[in-house]
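Shown below: data-v8.pdb, with PDB, C-alpha atoms.
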ATOM      1  CA  MET E   1      -1.049  -5.319   6.451
ATOM      2  CA  ASP E   2      -1.880  -7.421   9.434
ATOM      3  CA  LYS E   3       0.598  -5.821  11.792
ATOM      4  CA  THR E   4      -0.711  -3.166  14.146
ATOM      5  CA  PRO E   5      -0.914  -1.165  17.369
ATOM      6  CA  SER E   6      -3.157  -1.433  20.436
ATOM      7  CA  LYS E   7      -2.695   1.145  23.147
ATOM      8  CA  TYR E   8      -2.517   4.766  22.098
ATOM      9  CA  THR E   9      -0.270   6.561  24.574
ATOM     10  CA  SER E  10       1.053  10.086  24.670
ATOM     11  CA  LEU E  11       4.530   8.752  23.900
ATOM     12  CA  SER E  12       3.629   8.275  20.233
ATOM     13  CA  LEU E  13       2.943  11.996  19.848
ATOM     14  CA  PRO E  14       6.558  13.267  20.109
ATOM     15  CA  LEU E  15       7.793  10.924  17.369
ATOM     16  CA  LEU E  16       5.188  11.942  14.802
ATOM     17  CA  ILE E  17       5.228  15.625  15.749
ATOM     18  CA  GLY E  18       9.010  15.434  15.524
ATOM     19  CA  GLY E  19       8.636  14.126  11.986
ATOM     20  CA  CYS E  20       6.205  16.930  11.187
ATOM     21  CA  LEU E  21       8.611  19.537  12.535
ATOM     22  CA  PHE E  22      11.427  18.089  10.465
ATOM     23  CA  PHE E  23       9.172  18.400   7.422
ATOM     24  CA  SER E  24       8.695  22.050   8.210
ATOM     25  CA  THR E  25      12.380  23.022   8.047
ATOM     26  CA  PRO E  26      14.024  24.160   4.808
ATOM     27  CA  ALA E  27      16.761  21.512   4.717
ATOM     28  CA  SER E  28      18.414  19.919   1.686
ATOM     29  CA  ALA E  29      18.283  16.943  -0.666
ATOM     30  CA  GLN E  30      14.720  15.669  -0.764
ATOM     31  CA  GLU E  31      14.553  11.966  -1.636
ATOM     32  CA  PHE E  32      11.875   9.293  -1.541
ATOM     33  CA  SER E  33      12.985   5.656  -1.435
ATOM     34  CA  PHE E  34      11.440   2.205  -1.351
ATOM     35  CA  LEU E  35      13.477  -0.814  -0.243
ATOM     36  CA  ALA E  36      12.772  -4.483   0.472
ATOM     37  CA  GLY E  37      14.686  -7.617   1.405
ATOM     38  CA  PRO E  38      15.193 -10.536   3.811
ATOM     39  CA  LEU E  39      14.884 -10.236   7.609
ATOM     40  CA  VAL E  40      16.134 -12.442  10.438
ATOM     41  CA  SER E  41      15.137 -12.559  14.114
ATOM     42  CA  ASP E  42      16.857 -15.194  16.252
ATOM     43  CA  SER E  43      16.344 -18.354  14.145
ATOM     44  CA  ALA E  44      13.272 -17.046  12.263
ATOM     45  CA  ASN E  45      13.384 -15.723   8.699
ATOM     46  CA  SER E  46      10.927 -13.343   7.058
ATOM     47  CA  TYR E  47      10.972 -10.213   4.884
ATOM     48  CA  SER E  48      11.039  -6.480   5.444
ATOM     49  CA  TRP E  49      10.225  -3.349   3.477
ATOM     50  CA  GLU E  50      10.644   0.368   4.081
ATOM     51  CA  GLY E  51       9.340   3.582   2.540
ATOM     52  CA  SER E  52      11.459   6.605   3.440
ATOM     53  CA  TYR E  53      11.596  10.365   2.951
ATOM     54  CA  ARG E  54      15.055  11.897   3.419
ATOM     55  CA  GLU E  55      16.533  15.409   3.488
ATOM     56  CA  GLY E  56      20.079  16.643   3.897
ATOM     57  CA  LEU E  57      21.245  18.776   6.811
ATOM     58  CA  GLY E  58      24.365  19.967   5.040
ATOM     59  CA  ARG E  59      27.014  18.022   3.168
ATOM     60  CA  TYR E  60      27.756  15.513   5.942
ATOM     61  CA  ALA E  61      24.413  15.041   7.701
ATOM     62  CA  ALA E  62      20.798  14.143   6.898
ATOM     63  CA  TRP E  63      17.524  13.147   8.555
ATOM     64  CA  SER E  64      14.779  10.768   7.438
ATOM     65  CA  PHE E  65      11.185   9.816   8.201
ATOM     66  CA  SER E  66      10.489   6.147   7.450
ATOM     67  CA  TRP E  67       7.750   3.559   7.763
ATOM     68  CA  LEU E  68       9.276   0.162   8.482
ATOM     69  CA  ASN E  69       7.482  -3.174   8.019
ATOM     70  CA  GLU E  70       9.143  -6.186   9.677
ATOM     71  CA  GLY E  71       7.202  -8.925   7.949
ATOM     72  CA  HIS E  72       5.710 -11.996   9.630
ATOM     73  CA  ILE E  73       8.060 -13.474  12.179
ATOM     74  CA  PRO E  74       6.326 -16.105  14.377
ATOM     75  CA  ASN E  75       3.532 -14.552  16.473
ATOM     76  CA  HIS E  76       4.541 -11.031  15.442
ATOM     77  CA  HIS E  77       3.347  -8.765  12.619
ATOM     78  CA  ARG E  78       5.212  -5.549  13.410
ATOM     79  CA  ASP E  79       5.606  -2.178  11.706
ATOM     80  CA  GLY E  80       5.772   1.528  12.493
ATOM     81  CA  PRO E  81       7.392   4.924  11.890
ATOM     82  CA  SER E  82      10.923   6.045  12.677
ATOM     83  CA  VAL E  83      12.755   9.377  12.539
ATOM     84  CA  GLN E  84      16.529   9.022  12.118
ATOM     85  CA  VAL E  85      19.528  11.351  12.054
ATOM     86  CA  TRP E  86      22.306  10.345   9.661
ATOM     87  CA  GLY E  87      25.998  11.046   9.272
ATOM     88  CA  ARG E  88      27.066  10.694   5.646
ATOM     89  CA  LEU E  89      30.214  10.720   3.541
ATOM     90  CA  PRO E  90      29.965  11.623  -0.177
ATOM     91  CA  LEU E  91      32.626  10.097  -2.428
ATOM     92  CA  TRP E  92      33.581   9.952  -6.131
ATOM     93  CA  ASN E  93      32.274  13.386  -7.086
ATOM     94  CA  ASP E  94      29.181  12.835  -4.900
ATOM     95  CA  ARG E  95      27.996   9.820  -6.884
ATOM     96  CA  LEU E  96      28.547   7.419  -3.952
ATOM     97  CA  GLU E  97      27.252   8.173  -0.478
ATOM     98  CA  LEU E  98      27.981   6.080   2.632
ATOM     99  CA  SER E  99      25.890   6.869   5.694
ATOM    100  CA  ALA E 100      24.859   5.593   9.131
ATOM    101  CA  GLY E 101      21.736   6.611  11.031
ATOM    102  CA  VAL E 102      19.896   6.054  14.302
ATOM    103  CA  GLY E 103      16.595   7.167  15.772
ATOM    104  CA  PRO E 104      13.481   6.210  17.746
ATOM    105  CA  TYR E 105      11.155   3.537  16.398
ATOM    106  CA  ARG E 106       7.476   3.497  17.429
ATOM    107  CA  TYR E 107       6.281  -0.013  16.658
ATOM    108  CA  PHE E 108       2.796  -1.514  16.343
ATOM    109  CA  ASP E 109       2.615  -5.285  16.684
ATOM    110  CA  THR E 110      -0.111  -7.908  16.240
ATOM    111  CA  THR E 111       0.793 -10.729  18.604
ATOM    112  CA  ALA E 112      -0.643 -13.952  19.959
ATOM    113  CA  ALA E 113      -3.197 -13.080  22.647
ATOM    114  CA  GLU E 114      -3.503 -14.206  26.197
ATOM    115  CA  ALA E 115      -6.367 -16.492  27.207
ATOM    116  CA  GLY E 116      -9.784 -15.427  25.954
ATOM    117  CA  ALA E 117      -8.834 -13.628  22.732
ATOM    118  CA  ASP E 118      -7.514 -14.468  19.265
ATOM    119  CA  TYR E 119      -4.853 -11.758  19.130
ATOM    120  CA  SER E 120      -3.555  -8.616  20.798
ATOM    121  CA  ASN E 121      -2.483  -5.236  19.399
ATOM    122  CA  THR E 122       0.702  -4.217  21.194
ATOM    123  CA  HIS E 123       2.543  -0.892  21.008
ATOM    124  CA  GLY E 124       6.065  -0.093  22.104
ATOM    125  CA  TRP E 125       9.294   1.810  21.554
ATOM    126  CA  GLY E 126      12.702   0.883  20.287
ATOM    127  CA  ALA E 127      15.676   2.181  18.322
ATOM    128  CA  LEU E 128      16.380   1.751  14.612
ATOM    129  CA  TRP E 129      20.058   1.536  13.621
ATOM    130  CA  SER E 130      20.876   1.716   9.912
ATOM    131  CA  ALA E 131      23.791   1.779   7.487
ATOM    132  CA  ARG E 132      23.332   2.742   3.820
ATOM    133  CA  ALA E 133      25.289   2.803   0.576
ATOM    134  CA  ALA E 134      23.700   4.874  -2.217
ATOM    135  CA  TRP E 135      24.822   5.279  -5.832
ATOM    136  CA  TYR E 136      23.514   8.409  -7.628
ATOM    137  CA  PHE E 137      23.576   7.107 -11.185
ATOM    138  CA  ASP E 138      21.346   9.815 -12.706
ATOM    139  CA  ARG E 139      20.262  13.396 -12.016
ATOM    140  CA  ARG E 140      17.373  11.994  -9.947
ATOM    141  CA  TRP E 141      17.609   8.194  -9.607
ATOM    142  CA  ILE E 142      19.458   6.392  -6.803
ATOM    143  CA  ALA E 143      20.354   2.719  -6.258
ATOM    144  CA  GLN E 144      20.552   1.736  -2.588
ATOM    145  CA  MET E 145      21.589  -1.044  -0.214
ATOM    146  CA  GLN E 146      20.740  -0.700   3.470
ATOM    147  CA  VAL E 147      21.033  -2.703   6.698
ATOM    148  CA  ASN E 148      18.444  -2.076   9.445
ATOM    149  CA  HIS E 149      18.669  -3.337  13.007
ATOM    150  CA  ALA E 150      15.515  -2.807  15.084
ATOM    151  CA  GLN E 151      16.269  -3.001  18.800
ATOM    152  CA  VAL E 152      12.983  -2.873  20.716
ATOM    153  CA  PHE E 153      11.936  -2.826  24.350
ATOM    154  CA  GLY E 154       9.841  -5.825  25.332
ATOM    155  CA  GLY E 155      10.009  -7.566  21.957
ATOM    156  CA  ARG E 156      12.239  -9.410  19.495
ATOM    157  CA  ASP E 157      15.104  -7.617  17.781
ATOM    158  CA  THR E 158      15.401  -7.967  14.007
ATOM    159  CA  THR E 159      18.027  -7.368  11.327
ATOM    160  CA  ALA E 160      17.186  -6.824   7.648
ATOM    161  CA  LEU E 161      19.200  -6.385   4.441
ATOM    162  CA  LEU E 162      17.285  -4.159   2.034
ATOM    163  CA  PHE E 163      17.764  -3.226  -1.624
ATOM    164  CA  GLY E 164      15.849  -0.560  -3.503
ATOM    165  CA  VAL E 165      15.690   2.630  -5.505
ATOM    166  CA  GLY E 166      15.269   6.273  -4.610
ATOM    167  CA  TYR E 167      14.175   9.362  -6.472
ATOM    168  CA  GLU E 168      15.322  12.937  -5.853
ATOM    169  CA  LEU E 169      12.156  14.996  -5.702
ATOM    170  CA  ASP E 170      14.159  18.222  -5.767
ATOM    171  CA  GLY E 171      16.952  17.198  -8.102
ATOM    172  CA  ASN E 172      20.278  18.689  -9.159
ATOM    173  CA  ASP E 173      21.593  19.319 -12.610
ATOM    174  CA  GLU E 174      24.294  16.756 -11.767
ATOM    175  CA  PRO E 175      24.133  13.334 -10.033
ATOM    176  CA  GLY E 176      24.423  13.558  -6.267
ATOM    177  CA  PRO E 177      22.388  14.910  -3.358
ATOM    178  CA  ARG E 178      21.176  18.468  -3.482
ATOM    179  CA  GLN E 179      22.559  20.734  -0.782
ATOM    180  CA  ARG E 180      19.864  23.398  -0.319
ATOM    181  CA  PRO E 181      16.372  23.691  -1.843
ATOM    182  CA  THR E 182      14.713  27.023  -2.459
ATOM    183  CA  PRO E 183      12.746  28.066   0.673
ATOM    184  CA  ARG E 184       9.008  28.663   0.318
ATOM    185  CA  THR E 185       7.383  32.043   0.888
ATOM    186  CA  SER E 186       3.765  30.779   0.826
ATOM    187  CA  ASN E 187       1.751  27.899   2.268
ATOM    188  CA  VAL E 188       1.878  24.548   0.479
ATOM    189  CA  THR E 189      -1.928  24.254   0.889
ATOM    190  CA  ASN E 190      -4.786  26.751   0.801
ATOM    191  CA  ASN E 191      -8.165  24.969   1.150
ATOM    192  CA  GLU E 192      -9.053  21.460  -0.067
ATOM    193  CA  LEU E 193     -12.178  19.309   0.203
ATOM    194  CA  THR E 194     -11.649  15.646  -0.717
ATOM    195  CA  VAL E 195     -13.893  12.572  -0.880
ATOM    196  CA  LEU E 196     -12.059   9.236  -0.563
ATOM    197  CA  PHE E 197     -12.975   5.557  -0.951
ATOM    198  CA  GLY E 198     -10.992   2.460  -0.093
ATOM    199  CA  GLU E 199     -10.643  -0.428   2.324
ATOM    200  CA  THR E 200     -10.569  -0.949   6.087
ATOM    201  CA  ILE E 201      -8.315  -3.806   7.239
ATOM    202  CA  LEU E 202      -8.547  -5.058  10.812
ATOM    203  CA  ASN E 203      -5.094  -5.658  12.293
ATOM    204  CA  GLY E 204      -5.897  -9.029  13.756
ATOM    205  CA  ALA E 205      -6.394 -12.693  13.077
ATOM    206  CA  GLY E 206      -7.763 -13.093   9.558
ATOM    207  CA  SER E 207      -7.312  -9.420   8.594
ATOM    208  CA  GLN E 208     -11.028  -8.808   7.958
ATOM    209  CA  SER E 209     -11.717  -6.031   5.481
ATOM    210  CA  ALA E 210     -14.587  -3.799   4.402
ATOM    211  CA  LEU E 211     -15.344  -0.785   2.242
ATOM    212  CA  ALA E 212     -14.185   2.515   3.748
ATOM    213  CA  THR E 213     -15.242   6.071   2.892
ATOM    214  CA  SER E 214     -14.258   9.456   4.256
ATOM    215  CA  VAL E 215     -14.598  13.196   3.694
ATOM    216  CA  GLU E 216     -11.641  15.473   4.489
ATOM    217  CA  TYR E 217     -11.281  19.253   4.750
ATOM    218  CA  ARG E 218      -7.650  20.411   4.649
ATOM    219  CA  ARG E 219      -6.262  23.893   5.208
ATOM    220  CA  GLY E 220      -2.698  25.196   5.275
ATOM    221  CA  VAL E 221      -1.868  27.040   8.488
ATOM    222  CA  TRP E 222       1.809  27.664   7.774
ATOM    223  CA  ARG E 223       4.231  27.182   4.892
ATOM    224  CA  TYR E 224       4.798  23.491   5.632
ATOM    225  CA  VAL E 225       1.966  22.706   8.067
ATOM    226  CA  ASP E 226      -1.649  21.666   7.316
ATOM    227  CA  VAL E 227      -4.582  20.854   9.569
ATOM    228  CA  THR E 228      -7.433  18.511   8.579
ATOM    229  CA  ALA E 229     -10.899  17.684   9.861
ATOM    230  CA  SER E 230     -12.273  14.325   8.651
ATOM    231  CA  TYR E 231     -15.274  12.059   8.982
ATOM    232  CA  ILE E 232     -14.370   8.390   8.497
ATOM    233  CA  HIS E 233     -16.683   5.417   7.919
ATOM    234  CA  GLU E 234     -14.757   2.173   8.388
ATOM    235  CA  GLY E 235     -17.326  -0.163   6.834
ATOM    236  CA  ALA E 236     -20.253  -2.330   7.852
ATOM    237  CA  ASN E 237     -18.922  -5.820   7.173
ATOM    238  CA  SER E 238     -15.880  -5.887   9.439
ATOM    239  CA  GLN E 239     -14.933  -5.849  13.094
ATOM    240  CA  PRO E 240     -15.171  -3.091  14.153
ATOM    241  CA  ARG E 241     -18.023  -1.355  12.334
ATOM    242  CA  ARG E 242     -16.890   2.118  13.301
ATOM    243  CA  ASP E 243     -17.637   5.719  12.328
ATOM    244  CA  GLY E 244     -15.777   8.684  13.702
ATOM    245  CA  ALA E 245     -14.383  12.192  13.420
ATOM    246  CA  ALA E 246     -10.689  13.112  13.402
ATOM    247  CA  VAL E 247      -8.548  16.243  13.569
ATOM    248  CA  GLN E 248      -4.895  15.988  12.495
ATOM    249  CA  LEU E 249      -1.809  18.169  12.232
ATOM    250  CA  TRP E 250       0.356  17.476   9.170
ATOM    251  CA  GLY E 251       3.871  18.215   8.026
ATOM    252  CA  THR E 252       3.613  18.792   4.255
ATOM    253  CA  ARG E 253       6.108  19.245   1.436
ATOM    254  CA  ALA E 254       5.495  20.155  -2.231
ATOM    255  CA  PHE E 255       7.580  19.093  -5.249
ATOM    256  CA  LEU E 256       7.603  19.172  -9.044
ATOM    257  CA  ASP E 257       6.419  22.790  -9.276
ATOM    258  CA  ASP E 258       3.895  22.170  -6.461
ATOM    259  CA  ARG E 259       2.078  19.452  -8.399
ATOM    260  CA  LEU E 260       3.075  16.657  -5.978
ATOM    261  CA  THR E 261       2.704  16.846  -2.188
ATOM    262  CA  LEU E 262       3.815  14.404   0.513
ATOM    263  CA  SER E 263       2.659  14.664   4.124
ATOM    264  CA  ALA E 264       2.570  12.880   7.485
ATOM    265  CA  GLY E 265      -0.085  13.578  10.110
ATOM    266  CA  ILE E 266      -1.207  12.693  13.623
ATOM    267  CA  GLY E 267      -4.226  13.501  15.764
ATOM    268  CA  PRO E 268      -7.178  12.217  17.810
ATOM    269  CA  TYR E 269      -9.927  10.053  16.318
ATOM    270  CA  VAL E 270     -13.249   9.899  18.181
ATOM    271  CA  ALA E 271     -15.479   6.867  17.536
ATOM    272  CA  ILE E 272     -18.988   8.296  17.293
ATOM    273  CA  THR E 273     -20.610   4.896  16.717
ATOM    274  CA  GLN E 274     -19.094   1.447  17.016
ATOM    275  CA  ARG E 275     -20.889  -1.895  17.030
ATOM    276  CA  ASN E 276     -18.811  -5.023  17.340
ATOM    277  CA  ASP E 277     -17.879  -7.931  19.564
ATOM    278  CA  LEU E 278     -15.634  -6.382  22.176
ATOM    279  CA  PRO E 279     -14.677  -7.537  25.640
ATOM    280  CA  GLN E 280     -17.196  -6.727  28.376
ATOM    281  CA  ASN E 281     -17.675  -2.998  29.030
ATOM    282  CA  GLN E 282     -15.573  -2.034  25.976
ATOM    283  CA  THR E 283     -18.140  -0.864  23.453
ATOM    284  CA  GLY E 284     -15.779   1.609  21.828
ATOM    285  CA  ASP E 285     -18.502   4.260  21.427
ATOM    286  CA  GLY E 286     -17.109   7.693  22.193
ATOM    287  CA  ARG E 287     -13.614   6.357  22.712
ATOM    288  CA  VAL E 288     -10.660   8.479  21.646
ATOM    289  CA  SER E 289      -7.995   6.654  19.627
ATOM    290  CA  GLY E 290      -4.960   7.851  17.721
ATOM    291  CA  LEU E 291      -4.857   8.383  13.961
ATOM    292  CA  ILE E 292      -1.437   8.288  12.261
ATOM    293  CA  SER E 293      -1.387   8.901   8.512
ATOM    294  CA  VAL E 294       0.801   9.374   5.463
ATOM    295  CA  SER E 295      -0.622  10.913   2.308
ATOM    296  CA  ALA E 296       0.298  11.991  -1.224
ATOM    297  CA  SER E 297      -1.625  14.233  -3.590
ATOM    298  CA  TYR E 298      -1.215  15.210  -7.236
ATOM    299  CA  ARG E 299      -2.732  18.500  -8.340
ATOM    300  CA  LEU E 300      -4.679  18.514 -11.608
ATOM    301  CA  GLY E 301      -4.547  22.162 -12.504
ATOM    302  CA  GLN E 302      -5.761  25.031 -10.366
ATOM    303  CA  HIS E 303      -8.904  23.516  -8.817
ATOM    304  CA  TRP E 304      -8.671  19.703  -8.741
ATOM    305  CA  LEU E 305      -6.468  17.076  -7.137
ATOM    306  CA  THR E 306      -6.178  13.332  -6.557
ATOM    307  CA  ARG E 307      -5.097  11.965  -3.177
ATOM    308  CA  VAL E 308      -3.985   8.625  -1.693
ATOM    309  CA  THR E 309      -3.903   8.205   2.119
ATOM    310  CA  TRP E 310      -2.905   5.385   4.462
ATOM    311  CA  ASN E 311      -4.376   5.772   7.966
ATOM    312  CA  ARG E 312      -3.417   3.712  10.998
ATOM    313  CA  VAL E 313      -6.106   3.765  13.710
ATOM    314  CA  VAL E 314      -4.396   3.113  17.052
ATOM    315  CA  THR E 315      -6.826   1.852  19.725
ATOM    316  CA  ARG E 316      -6.585   0.793  23.359
ATOM    317  CA  TYR E 317      -8.936  -2.179  22.990
ATOM    318  CA  ASP E 318      -7.346  -4.386  20.293
ATOM    319  CA  ARG E 319      -9.264  -3.027  17.319
ATOM    320  CA  ASP E 320      -6.478  -1.286  15.376
ATOM    321  CA  THR E 321      -7.148  -0.865  11.665
ATOM    322  CA  ASP E 322      -5.505   0.299   8.464
ATOM    323  CA  VAL E 323      -7.765   2.530   6.371
ATOM    324  CA  ILE E 324      -6.318   2.843   2.848
ATOM    325  CA  GLU E 325      -8.142   5.238   0.511
ATOM    326  CA  ALA E 326      -7.905   7.209  -2.714
ATOM    327  CA  GLY E 327     -10.110  10.014  -3.957
ATOM    328  CA  VAL E 328     -10.652  13.294  -5.769
ATOM    329  CA  GLY E 329     -10.673  16.735  -4.221
ATOM    330  CA  LEU E 330     -11.486  20.374  -4.933
ATOM    331  CA  ARG E 331      -8.967  23.164  -4.280
ATOM    332  CA  PHE E 332     -10.251  26.622  -3.451
TER     333      PHE E 332
END
Represent the structure from my file as structure tokens, please.
Amino acid sequence: MDKTPSKYTSLSLPLLIGGCLFFSTPASAQEFSFLAGPLVSDSANSYSWEGSYREGLGRYAAWSFSWLNEGHIPNHHRDGPSVQVWGRLPLWNDRLELSAGVGPYRYFDTTAAEAGADYSNTHGWGALWSARAAWYFDRRWIAQMQVNHAQVFGGRDTTALLFGVGYELDGNDEPGPRQRPTPRTSNVTNNELTVLFGETILNGAGSQSALATSVEYRRGVWRYVDVTASYIHEGANSQPRRDGAAVQLWGTRAFLDDRLTLSAGIGPYVAITQRNDLPQNQTGDGRVSGLISVSASYRLGQHWLTRVTWNRVVTRYDRDTDVIEAGVGLRF
């Protein structure tokens, strides 16, 4: 994952909060999909992949929250989240669905740097246009083909043809998208304390990595909304060697009789200590960056859980990182 961001601006907040708010509404068909395939940009060829969560907004509409990776086109390693609204047409007793979607795309790019540096972390906005054909061949499983066109401001446009599978997390008794799930009357989360271990990857030349650890306290504040307070140690053998505290707001959904949860979060990340080779007068200590995360947990009975989290640290001084961790937590 050597694509990244670099300047955390307030513009990234509406996109992620918008995704969180979408999570919080009792919509319909809840699907998770993973797709991959070839990508073209001008005369360059690469690959692309996408992980997506999708819900219906009635029979002929849907919305989705996706993380798009645009591969390695020359001098660009770009990825980021997108929220899209879809129009859809179900056919053949709802087994085939044709749909088209569009929405904002917040991209993070690792690019060739100007004089004096190896690379630069660049952030920007664009639009993601998509068309999808989905075949519901089972009560829960879906085969998909999708075309994405990323049209960005200040960067290269790309087009990708993706193939993949989806899974209905809140399935029907018959093949086809579910219209309305049962609304919740209680919070998805009560209290959780989780210890996680994993890897920090610098989004830059060489993609340096190091051991990462963190401790997270999570509490549900509404039916579909959690808040977390975390302490993150990004490792001692990478650039940057950074420790910090973060507070995030999450949109959270529960599935499979509340055993599985999926969530997306955003919030500030304060570097308490940071020691690395930065440009003059940019020590990083005490700097506030952005933290954008996606997470999944599986509950092991009443008191225990496992969790996997992917964090993107979004800095203003070309030290963006991915912090990918897994761990065990206590529910109480």
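Among E:Asp138, E:Glu325, E:Asp257, E:Glu168, the residue with the shortest atom-to-atom distance to Glu216 in chain E, counting all atoms listed in the file, is E:Glu325.
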Which residues fall under the PyMOL selection byres ((chain E and resi 313) around 7) in this file, as a PyMOL selection string? chain E and resi 289-292+311-312+314-315+320-322
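You can rank E:Trp310, E:Trp141, E:Trp222, E:Phe197 by their closest distance to Thr185 in chain E using only C-alpha atoms, and at the top of that list sits E:Trp222.
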Determine the residue membership of the PyMOL selection byres ((chain E and resi 136) around 6) for the file above and supply it as number ranges by chain. E: 95, 135, 137-138, 142, 175-176
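Atom to atom, CA of Ser230 in chain E and CA of Ile266 in chain E stand 12.2 Å apart.
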Answer as an MDAnalysis selection string, residues within 10 Å of (-12.0, 26.7, -4.8) using all atoms listed in the file: chainID E and resid 190:193 302:304 330:332
Emit the selected residues as a compact mmCIF listing (two decimals), in the coordinates of the input, including C-alpha atoms.
# COMPACT_ATOMS: atom_id res chain seq x y z
CA ASN E 190 -4.79 26.75 0.80
CA ASN E 191 -8.16 24.97 1.15
CA GLU E 192 -9.05 21.46 -0.07
CA LEU E 193 -12.18 19.31 0.20
CA GLN E 302 -5.76 25.03 -10.37
CA HIS E 303 -8.90 23.52 -8.82
CA TRP E 304 -8.67 19.70 -8.74
CA LEU E 330 -11.49 20.37 -4.93
CA ARG E 331 -8.97 23.16 -4.28
CA PHE E 332 -10.25 26.62 -3.45
So what does the PyMOL selection byres ((chain E and resi 254) around 10) actually pick up in this one, as an mmCIF file with C-alpha atoms, keeping the file's coordinate frame?
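Okay, selection18.cif is ready:
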data_model
loop_
_atom_site.group_PDB
_atom_site.id
_atom_site.type_symbol
_atom_site.label_atom_id
_atom_site.label_comp_id
_atom_site.auth_asym_id
_atom_site.auth_seq_id
_atom_site.Cartn_x
_atom_site.Cartn_y
_atom_site.Cartn_z
ATOM 1 C CA LEU E 169 12.156 14.996 -5.702
ATOM 2 C CA ASP E 170 14.159 18.222 -5.767
ATOM 3 C CA ARG E 184 9.008 28.663 0.318
ATOM 4 C CA ASN E 187 1.751 27.899 2.268
ATOM 5 C CA VAL E 188 1.878 24.548 0.479
ATOM 6 C CA THR E 189 -1.928 24.254 0.889
ATOM 7 C CA TYR E 224 4.798 23.491 5.632
ATOM 8 C CA THR E 252 3.613 18.792 4.255
ATOM 9 C CA ARG E 253 6.108 19.245 1.436
ATOM 10 C CA PHE E 255 7.580 19.093 -5.249
ATOM 11 C CA LEU E 256 7.603 19.172 -9.044
ATOM 12 C CA ASP E 257 6.419 22.790 -9.276
ATOM 13 C CA ASP E 258 3.895 22.170 -6.461
ATOM 14 C CA ARG E 259 2.078 19.452 -8.399
ATOM 15 C CA LEU E 260 3.075 16.657 -5.978
ATOM 16 C CA THR E 261 2.704 16.846 -2.188
ATOM 17 C CA LEU E 262 3.815 14.404 0.513
ATOM 18 C CA SER E 263 2.659 14.664 4.124
ATOM 19 C CA ALA E 296 0.298 11.991 -1.224
ATOM 20 C CA SER E 297 -1.625 14.233 -3.590
ATOM 21 C CA TYR E 298 -1.215 15.210 -7.236
#
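Interatomic distance, CA of Ser186 in chain E against CA of Val221 in chain E: 10.2 Å.
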Sphere at (13.3, 4.9, 19.2), radius 10 Å, counting only C-alpha atoms: residues as number ranges by chain: E: 15, 81-84, 102-107, 124-129, 150-153
Can you spit out the residues from that selection as a PDB file, in the coordinates of the input, using C-alpha atoms?
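As a result, part20.pdb now contains:
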ATOM      1  CA  LEU E  15       7.793  10.924  17.369  1.00  0.00           C
ATOM      2  CA  PRO E  81       7.392   4.924  11.890  1.00  0.00           C
ATOM      3  CA  SER E  82      10.923   6.045  12.677  1.00  0.00           C
ATOM      4  CA  VAL E  83      12.755   9.377  12.539  1.00  0.00           C
ATOM      5  CA  GLN E  84      16.529   9.022  12.118  1.00  0.00           C
ATOM      6  CA  VAL E 102      19.896   6.054  14.302  1.00  0.00           C
ATOM      7  CA  GLY E 103      16.595   7.167  15.772  1.00  0.00           C
ATOM      8  CA  PRO E 104      13.481   6.210  17.746  1.00  0.00           C
ATOM      9  CA  TYR E 105      11.155   3.537  16.398  1.00  0.00           C
ATOM     10  CA  ARG E 106       7.476   3.497  17.429  1.00  0.00           C
ATOM     11  CA  TYR E 107       6.281  -0.013  16.658  1.00  0.00           C
ATOM     12  CA  GLY E 124       6.065  -0.093  22.104  1.00  0.00           C
ATOM     13  CA  TRP E 125       9.294   1.810  21.554  1.00  0.00           C
ATOM     14  CA  GLY E 126      12.702   0.883  20.287  1.00  0.00           C
ATOM     15  CA  ALA E 127      15.676   2.181  18.322  1.00  0.00           C
ATOM     16  CA  LEU E 128      16.380   1.751  14.612  1.00  0.00           C
ATOM     17  CA  TRP E 129      20.058   1.536  13.621  1.00  0.00           C
ATOM     18  CA  ALA E 150      15.515  -2.807  15.084  1.00  0.00           C
ATOM     19  CA  GLN E 151      16.269  -3.001  18.800  1.00  0.00           C
ATOM     20  CA  VAL E 152      12.983  -2.873  20.716  1.00  0.00           C
ATOM     21  CA  PHE E 153      11.936  -2.826  24.350  1.00  0.00           C
TER      22      PHE E 153
END
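CA of Ala160 in chain E is found 6.8 Å from CA of Gly37 in chain E.
Omitting Tyr53 in chain E and its sequence neighbours fewer than 2 positions away, and counting only C-alpha atoms, the residues within 6 Å are Glu31, Phe32, Ser64 and Phe65 of chain E.
In this comparison, which uses only C-alpha atoms, the residue of E:Gly235, E:Gly198, E:Gly251, E:Gly87 approaching Gly56 in chain E most closely is E:Gly87.
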Could you pull the residues within 10 Å of Asp94 in chain E, counting all atoms listed in the file, minus those fewer than 2 positions along the same chain, as a PyMOL selection string? chain E and resi 59+89-92+96-97+135-136+174-178
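In terms of minimum interatomic distance to Thr158 in chain E, E:Ser130 ranks closest within E:Thr110, E:Thr309, E:Ser295, E:Ser130, counting only C-alpha atoms.
Each of E:Gly244, E:Gly101, E:Gly206, E:Gly265 was checked against Arg287 in chain E using all atoms listed in the file; the smallest atom-to-atom distance is that of E:Gly244.
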Near Arg88 in chain E, counting only C-alpha atoms, which residues have an atom at most 9 Å away, once you skip same-chain residues fewer than 4 positions from it, shown as a PDB file with C-alpha atoms, in the frame of the given file?
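Below is the file out.pdb, written as the result:
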ATOM      1  CA  ARG E  59      27.014  18.022   3.168  1.00  0.00           C
ATOM      2  CA  TYR E  60      27.756  15.513   5.942  1.00  0.00           C
ATOM      3  CA  ALA E  61      24.413  15.041   7.701  1.00  0.00           C
ATOM      4  CA  ALA E  62      20.798  14.143   6.898  1.00  0.00           C
ATOM      5  CA  GLU E  97      27.252   8.173  -0.478  1.00  0.00           C
ATOM      6  CA  LEU E  98      27.981   6.080   2.632  1.00  0.00           C
ATOM      7  CA  SER E  99      25.890   6.869   5.694  1.00  0.00           C
ATOM      8  CA  ALA E 100      24.859   5.593   9.131  1.00  0.00           C
ATOM      9  CA  GLY E 101      21.736   6.611  11.031  1.00  0.00           C
ATOM     10  CA  ARG E 132      23.332   2.742   3.820  1.00  0.00           C
TER      11      ARG E 132
END
